[in-house]
Every structure is written in structure tokens, then in C-alpha cells.
Amino acid sequence: GQNIDQPTEMTATEGAIVQINCTYQTSGFNGLFWYQQHAGEAPTFLSYNVLDGLEEKGRFSSFLSRSKGYSYLLLKELQMKDSASYLCAVDTGRRALTFGSGTRLQVQP
Amino acid sequence: NAGVTQTPKFQVLKTGQSMTLQCAQDMNHEYMSWYRQDPGMGLRLIHYSVGAGITDQGEVPNGYNVSRSTTEDFPLRLLSAAPSQTSVYFCASRGANPSAAQSSYNSPLHFGNGTRLTVT
């Protein structure tokens, strides 16, 4: 089966840095995606990792270690609008993405 | 480009009724899929299709049917609605996928805006 774990909730302060972790055990691996989802809206694509290491995109970075089955999403200079759920998803090789349950991030002033 | 379009946005059904959720994409994507999202359970795959005429089951297919007669459309049919099917439904599509060994880029899923379904 497929297993993808993320913390359920996190709280951070505006202007700070937060790291959201994701661990996975899947039958196949063809890359890991991070999505952002605001309440009542559709998920939107943030980042993709297939090779080990760090991918940086502005205030957002994502890291992958395939040997450890581990990824994290790093959000810098937090803003109130970053309050959302962050979804980790693995492409298991069948083209379908398997999602974790998501991490709800609350940014406080 | 409209992207992925889902209709309706909201729907209330009585137990036993049937209905079809519509999904269309204008990006010429080969791959389309349907997910349901329930509190605390994340997005779960219902059915998917890798091209016209080809469909397959996902993690939670029971009670749902799909067909893919064209590249653009991928409707989801509820045959006999049950309260357990109360959920938010998302349609999503992906473009061509280069081999991960050949490229560090993989096409992401593009989501529709969702359908909030309540079955009473």
C-alpha cells in the first residue's frame, strides 16, 4: 500500500520560517509534489522534486531525500496569506498522485 | 485557456438519486482523474484515465462510474447516491510525462474548482 504522513496542524508567526515535513512509503516513486490549498478552494501546484536535494522558488523551497523517504517544504518570510493547507503528494508511477492528509498552517500576527 | 472546468459547484441529492458530475479540460491533457476530499482524509483517487477510451479504478471506486469518450471530457456518475458520498469532488488533469530518468521536470496536476455534494 501507499503511506504518506504529514503533521495535521502547525502554527507560525508572520515573518518567520516554517518547515512542513512529509514522509512516504510507496510501492513506486516518480517524484514528489507540494500543493497549497486555501479553505474552500482547489489545490494549486507549488513545487516538484524527483532528484535528491533542494529546489528553491522564491519564498518557498522543497527538499527531497529518496533514501530516507522524506521531503520538506520550507516557507520563508511568512505572510498572513500563507495560512492554508499544504499537501504532499507522490507520483507512484501510475500517473496518479497519492496525497497525504495535508498540514493546516495558521500564520499569526 | 479555461483550464479544468467542473460543474455543478454545489449539489444536494436524496439517497438513491443518480447524477453526473461534469469535467472538461482544454489543455489537450492525456491524463484525467477524479478525487474526493473529506475532512482529515486528504484527497483520495476515485477513477482515472490515461487517454480516450481508457479508464481505471483508483483507491475508492465503489459507487462511481466514469467514461472517457473524448480527450476533453471525463464525467463522473453516481449511480445511487448514499450519505457516505457526501464530499467535495475534484477533477484534475496532467499533460505528457517525460521519463523521470530523462528530465527533472514532471507535469503537475491541474485541478478544477470542485463540486460540493451533499447526500441526505
# chains A, B, ... in the order shown; residues from 1 in each chain; ligands from 1
>>> residues_around(residues="range 77-88 of chain B", least_positions_apart="6", cutoff="7 Å", atoms="only C-alpha atoms", output="list in words")
Thr15, Gly16, Gln17, Ser18, Met19, Thr20, Leu21, Arg36, Gln37, Asp38, Gly63, Tyr64, Asn65, Val66, Gly114, Thr115, Arg116, Leu117, Thr118, Val119 and Thr120 of chain B
>>> interface_residues(of="chain B", to="chain A", cutoff="6 Å", atoms="only C-alpha atoms", output="MDAnalysis selection string")
chainID B and resid 41:43 113
>>> write_last_selection(atoms="all heavy atoms", output="PDB file, in the first residue's frame")
ATOM      1  N   MET B  41      -8.949  13.278   5.808  1.00  0.00           N
ATOM      2  CA  MET B  41      -8.570  12.119   4.993  1.00  0.00           C
ATOM      3  C   MET B  41      -7.838  12.508   3.721  1.00  0.00           C
ATOM      4  O   MET B  41      -7.464  11.666   2.938  1.00  0.00           O
ATOM      5  CB  MET B  41      -9.804  11.295   4.642  1.00  0.00           C
ATOM      6  CG  MET B  41     -10.554  10.805   5.863  1.00  0.00           C
ATOM      7  SD  MET B  41     -11.723   9.522   5.480  1.00  0.00           S
ATOM      8  CE  MET B  41     -10.631   8.165   5.170  1.00  0.00           C
ATOM      9  N   GLY B  42      -7.666  13.760   3.479  1.00  0.00           N
ATOM     10  CA  GLY B  42      -6.947  14.173   2.285  1.00  0.00           C
ATOM     11  C   GLY B  42      -7.706  13.863   1.013  1.00  0.00           C
ATOM     12  O   GLY B  42      -8.893  13.536   1.021  1.00  0.00           O
ATOM     13  N   LEU B  43      -7.011  13.939  -0.105  1.00  0.00           N
ATOM     14  CA  LEU B  43      -7.585  13.661  -1.413  1.00  0.00           C
ATOM     15  C   LEU B  43      -7.421  12.169  -1.717  1.00  0.00           C
ATOM     16  O   LEU B  43      -6.312  11.636  -1.654  1.00  0.00           O
ATOM     17  CB  LEU B  43      -6.857  14.483  -2.483  1.00  0.00           C
ATOM     18  CG  LEU B  43      -7.183  15.969  -2.514  1.00  0.00           C
ATOM     19  CD1 LEU B  43      -6.051  16.753  -3.144  1.00  0.00           C
ATOM     20  CD2 LEU B  43      -8.477  16.201  -3.276  1.00  0.00           C
ATOM     21  N   ASN B 113     -12.334  23.578  -9.924  1.00  0.00           N
ATOM     22  CA  ASN B 113     -12.686  24.310  -8.708  1.00  0.00           C
ATOM     23  C   ASN B 113     -13.490  23.489  -7.705  1.00  0.00           C
ATOM     24  O   ASN B 113     -13.765  23.972  -6.610  1.00  0.00           O
ATOM     25  CB  ASN B 113     -13.454  25.576  -9.061  1.00  0.00           C
ATOM     26  CG  ASN B 113     -12.548  26.630  -9.664  1.00  0.00           C
ATOM     27  OD1 ASN B 113     -11.358  26.688  -9.359  1.00  0.00           O
ATOM     28  ND2 ASN B 113     -13.086  27.451 -10.542  1.00  0.00           N
TER      29      ASN B 113
END
>>> residues_around(residues="Val50 in chain B", least_positions_apart="6", cutoff="7 Å", atoms="only C-alpha atoms", output="list in words")
Glu30, Tyr31 and Met32 of chain B
>>> closest_residue(among="B:Trp34, B:Asp73, B:Pro39, B:Arg94", to="Gln57 in chain B", atoms="only C-alpha atoms")
B:Trp34
>>> atom_distance(atom1="CA of Asp5 in chain A", atom2="CA of Ile20 in chain A")
10.8 Å
>>> select_by_dssp(residues="chain B", states="strand (DSSP E or B)", output="PDB file with C-alpha atoms, in the first residue's frame")
ATOM      1  CA  VAL B   4     -10.216  22.398 -15.927  1.00  0.00           C
ATOM      2  CA  THR B   5     -13.924  23.204 -15.673  1.00  0.00           C
ATOM      3  CA  GLN B   6     -16.231  21.366 -13.291  1.00  0.00           C
ATOM      4  CA  THR B   7     -19.992  21.638 -12.988  1.00  0.00           C
ATOM      5  CA  PHE B  10     -22.923  22.667  -5.443  1.00  0.00           C
ATOM      6  CA  GLN B  11     -25.426  19.813  -5.470  1.00  0.00           C
ATOM      7  CA  VAL B  12     -27.842  18.294  -2.971  1.00  0.00           C
ATOM      8  CA  LEU B  13     -29.178  14.806  -3.642  1.00  0.00           C
ATOM      9  CA  MET B  19     -26.350  12.286 -11.106  1.00  0.00           C
ATOM     10  CA  THR B  20     -23.331  13.106 -13.255  1.00  0.00           C
ATOM     11  CA  LEU B  21     -20.545  15.494 -12.326  1.00  0.00           C
ATOM     12  CA  GLN B  22     -19.105  17.097 -15.434  1.00  0.00           C
ATOM     13  CA  CYS B  23     -15.418  17.771 -16.070  1.00  0.00           C
ATOM     14  CA  ALA B  24     -13.807  19.271 -19.149  1.00  0.00           C
ATOM     15  CA  GLN B  25     -10.256  20.440 -19.883  1.00  0.00           C
ATOM     16  CA  TYR B  31      -4.428  12.108 -18.131  1.00  0.00           C
ATOM     17  CA  MET B  32      -7.584  12.955 -16.176  1.00  0.00           C
ATOM     18  CA  SER B  33      -8.732  11.898 -12.729  1.00  0.00           C
ATOM     19  CA  TRP B  34     -11.384  12.314 -10.071  1.00  0.00           C
ATOM     20  CA  TYR B  35     -10.632  12.768  -6.356  1.00  0.00           C
ATOM     21  CA  ARG B  36     -12.837  13.173  -3.334  1.00  0.00           C
ATOM     22  CA  GLN B  37     -11.748  15.191  -0.324  1.00  0.00           C
ATOM     23  CA  ASP B  38     -13.099  14.540   3.159  1.00  0.00           C
ATOM     24  CA  GLY B  42      -6.947  14.173   2.285  1.00  0.00           C
ATOM     25  CA  LEU B  43      -7.585  13.661  -1.413  1.00  0.00           C
ATOM     26  CA  ARG B  44      -8.464  10.102  -2.410  1.00  0.00           C
ATOM     27  CA  LEU B  45      -8.416   8.895  -6.000  1.00  0.00           C
ATOM     28  CA  ILE B  46     -11.731   7.553  -7.332  1.00  0.00           C
ATOM     29  CA  HIS B  47     -11.059   6.826 -11.035  1.00  0.00           C
ATOM     30  CA  TYR B  48      -8.543   7.949 -13.612  1.00  0.00           C
ATOM     31  CA  SER B  49      -7.930   7.819 -17.349  1.00  0.00           C
ATOM     32  CA  VAL B  50      -4.665   7.883 -19.329  1.00  0.00           C
ATOM     33  CA  GLY B  51      -6.384   8.642 -22.625  1.00  0.00           C
ATOM     34  CA  ILE B  54      -9.108   4.034 -21.263  1.00  0.00           C
ATOM     35  CA  THR B  55     -10.224   4.213 -17.627  1.00  0.00           C
ATOM     36  CA  ASP B  56      -9.069   2.555 -14.427  1.00  0.00           C
ATOM     37  CA  GLN B  57     -10.037   2.382 -10.777  1.00  0.00           C
ATOM     38  CA  TYR B  64     -18.946   5.635  -9.097  1.00  0.00           C
ATOM     39  CA  ASN B  65     -18.637   5.132 -12.862  1.00  0.00           C
ATOM     40  CA  VAL B  66     -16.592   7.035 -15.425  1.00  0.00           C
ATOM     41  CA  ASP B  73     -14.325  15.264 -21.119  1.00  0.00           C
ATOM     42  CA  LEU B  76     -18.213  11.040 -13.028  1.00  0.00           C
ATOM     43  CA  ARG B  77     -21.520   9.243 -12.469  1.00  0.00           C
ATOM     44  CA  LEU B  78     -23.057   8.435  -9.114  1.00  0.00           C
ATOM     45  CA  SER B  87     -17.855  15.120  -0.038  1.00  0.00           C
ATOM     46  CA  VAL B  88     -16.024  17.671  -2.148  1.00  0.00           C
ATOM     47  CA  TYR B  89     -15.119  16.265  -5.570  1.00  0.00           C
ATOM     48  CA  PHE B  90     -12.186  17.494  -7.647  1.00  0.00           C
ATOM     49  CA  CYS B  91     -11.404  16.715 -11.243  1.00  0.00           C
ATOM     50  CA  ALA B  92      -7.747  17.052 -12.255  1.00  0.00           C
ATOM     51  CA  SER B  93      -5.670  16.619 -15.407  1.00  0.00           C
ATOM     52  CA  ARG B  94      -1.987  16.268 -16.327  1.00  0.00           C
ATOM     53  CA  HIS B 110      -4.241  20.890 -12.654  1.00  0.00           C
ATOM     54  CA  PHE B 111      -7.416  20.937 -10.565  1.00  0.00           C
ATOM     55  CA  THR B 115     -18.099  20.241  -6.597  1.00  0.00           C
ATOM     56  CA  ARG B 116     -19.541  20.233  -3.093  1.00  0.00           C
ATOM     57  CA  LEU B 117     -22.023  17.342  -2.921  1.00  0.00           C
ATOM     58  CA  THR B 118     -24.433  16.669  -0.055  1.00  0.00           C
ATOM     59  CA  VAL B 119     -26.495  13.467   0.057  1.00  0.00           C
TER      60      VAL B 119
END
>>> decode(residues="range 30-94 of chain B", atoms="C-alpha atoms", output="PDB file, in the first residue's frame")
ATOM      1  CA  GLU B  30      -3.929  12.851 -21.804  1.00  0.00           C
ATOM      2  CA  TYR B  31      -4.428  12.108 -18.131  1.00  0.00           C
ATOM      3  CA  MET B  32      -7.584  12.955 -16.176  1.00  0.00           C
ATOM      4  CA  SER B  33      -8.732  11.898 -12.729  1.00  0.00           C
ATOM      5  CA  TRP B  34     -11.384  12.314 -10.071  1.00  0.00           C
ATOM      6  CA  TYR B  35     -10.632  12.768  -6.356  1.00  0.00           C
ATOM      7  CA  ARG B  36     -12.837  13.173  -3.334  1.00  0.00           C
ATOM      8  CA  GLN B  37     -11.748  15.191  -0.324  1.00  0.00           C
ATOM      9  CA  ASP B  38     -13.099  14.540   3.159  1.00  0.00           C
ATOM     10  CA  PRO B  39     -12.017  16.211   6.423  1.00  0.00           C
ATOM     11  CA  GLY B  40      -8.947  14.536   7.910  1.00  0.00           C
ATOM     12  CA  MET B  41      -8.570  12.119   4.993  1.00  0.00           C
ATOM     13  CA  GLY B  42      -6.947  14.173   2.285  1.00  0.00           C
ATOM     14  CA  LEU B  43      -7.585  13.661  -1.413  1.00  0.00           C
ATOM     15  CA  ARG B  44      -8.464  10.102  -2.410  1.00  0.00           C
ATOM     16  CA  LEU B  45      -8.416   8.895  -6.000  1.00  0.00           C
ATOM     17  CA  ILE B  46     -11.731   7.553  -7.332  1.00  0.00           C
ATOM     18  CA  HIS B  47     -11.059   6.826 -11.035  1.00  0.00           C
ATOM     19  CA  TYR B  48      -8.543   7.949 -13.612  1.00  0.00           C
ATOM     20  CA  SER B  49      -7.930   7.819 -17.349  1.00  0.00           C
ATOM     21  CA  VAL B  50      -4.665   7.883 -19.329  1.00  0.00           C
ATOM     22  CA  GLY B  51      -6.384   8.642 -22.625  1.00  0.00           C
ATOM     23  CA  ALA B  52      -9.640   8.481 -24.584  1.00  0.00           C
ATOM     24  CA  GLY B  53     -11.272   5.068 -24.240  1.00  0.00           C
ATOM     25  CA  ILE B  54      -9.108   4.034 -21.263  1.00  0.00           C
ATOM     26  CA  THR B  55     -10.224   4.213 -17.627  1.00  0.00           C
ATOM     27  CA  ASP B  56      -9.069   2.555 -14.427  1.00  0.00           C
ATOM     28  CA  GLN B  57     -10.037   2.382 -10.777  1.00  0.00           C
ATOM     29  CA  GLY B  58      -8.356   4.330  -8.040  1.00  0.00           C
ATOM     30  CA  GLU B  59      -8.421   3.891  -4.283  1.00  0.00           C
ATOM     31  CA  VAL B  60     -12.181   4.393  -3.678  1.00  0.00           C
ATOM     32  CA  PRO B  61     -14.095   3.478  -6.894  1.00  0.00           C
ATOM     33  CA  ASN B  62     -17.215   1.822  -5.426  1.00  0.00           C
ATOM     34  CA  GLY B  63     -20.466   3.623  -6.251  1.00  0.00           C
ATOM     35  CA  TYR B  64     -18.946   5.635  -9.097  1.00  0.00           C
ATOM     36  CA  ASN B  65     -18.637   5.132 -12.862  1.00  0.00           C
ATOM     37  CA  VAL B  66     -16.592   7.035 -15.425  1.00  0.00           C
ATOM     38  CA  SER B  67     -16.133   7.108 -19.185  1.00  0.00           C
ATOM     39  CA  ARG B  68     -13.668   8.875 -21.482  1.00  0.00           C
ATOM     40  CA  SER B  69     -15.118   9.171 -24.967  1.00  0.00           C
ATOM     41  CA  THR B  70     -13.082  12.275 -25.828  1.00  0.00           C
ATOM     42  CA  THR B  71      -9.759  13.731 -24.678  1.00  0.00           C
ATOM     43  CA  GLU B  72     -11.545  16.787 -23.253  1.00  0.00           C
ATOM     44  CA  ASP B  73     -14.325  15.264 -21.119  1.00  0.00           C
ATOM     45  CA  PHE B  74     -14.294  12.939 -18.117  1.00  0.00           C
ATOM     46  CA  PRO B  75     -17.707  12.747 -16.395  1.00  0.00           C
ATOM     47  CA  LEU B  76     -18.213  11.040 -13.028  1.00  0.00           C
ATOM     48  CA  ARG B  77     -21.520   9.243 -12.469  1.00  0.00           C
ATOM     49  CA  LEU B  78     -23.057   8.435  -9.114  1.00  0.00           C
ATOM     50  CA  LEU B  79     -25.422   5.545  -9.759  1.00  0.00           C
ATOM     51  CA  SER B  80     -27.377   5.545  -6.488  1.00  0.00           C
ATOM     52  CA  ALA B  81     -26.262   8.276  -4.101  1.00  0.00           C
ATOM     53  CA  ALA B  82     -25.552   7.420  -0.459  1.00  0.00           C
ATOM     54  CA  PRO B  83     -24.852   9.734   2.521  1.00  0.00           C
ATOM     55  CA  SER B  84     -21.273   8.341   2.579  1.00  0.00           C
ATOM     56  CA  GLN B  85     -20.727  10.071  -0.765  1.00  0.00           C
ATOM     57  CA  THR B  86     -21.185  13.498   0.778  1.00  0.00           C
ATOM     58  CA  SER B  87     -17.855  15.120  -0.038  1.00  0.00           C
ATOM     59  CA  VAL B  88     -16.024  17.671  -2.148  1.00  0.00           C
ATOM     60  CA  TYR B  89     -15.119  16.265  -5.570  1.00  0.00           C
ATOM     61  CA  PHE B  90     -12.186  17.494  -7.647  1.00  0.00           C
ATOM     62  CA  CYS B  91     -11.404  16.715 -11.243  1.00  0.00           C
ATOM     63  CA  ALA B  92      -7.747  17.052 -12.255  1.00  0.00           C
ATOM     64  CA  SER B  93      -5.670  16.619 -15.407  1.00  0.00           C
ATOM     65  CA  ARG B  94      -1.987  16.268 -16.327  1.00  0.00           C
TER      66      ARG B  94
END
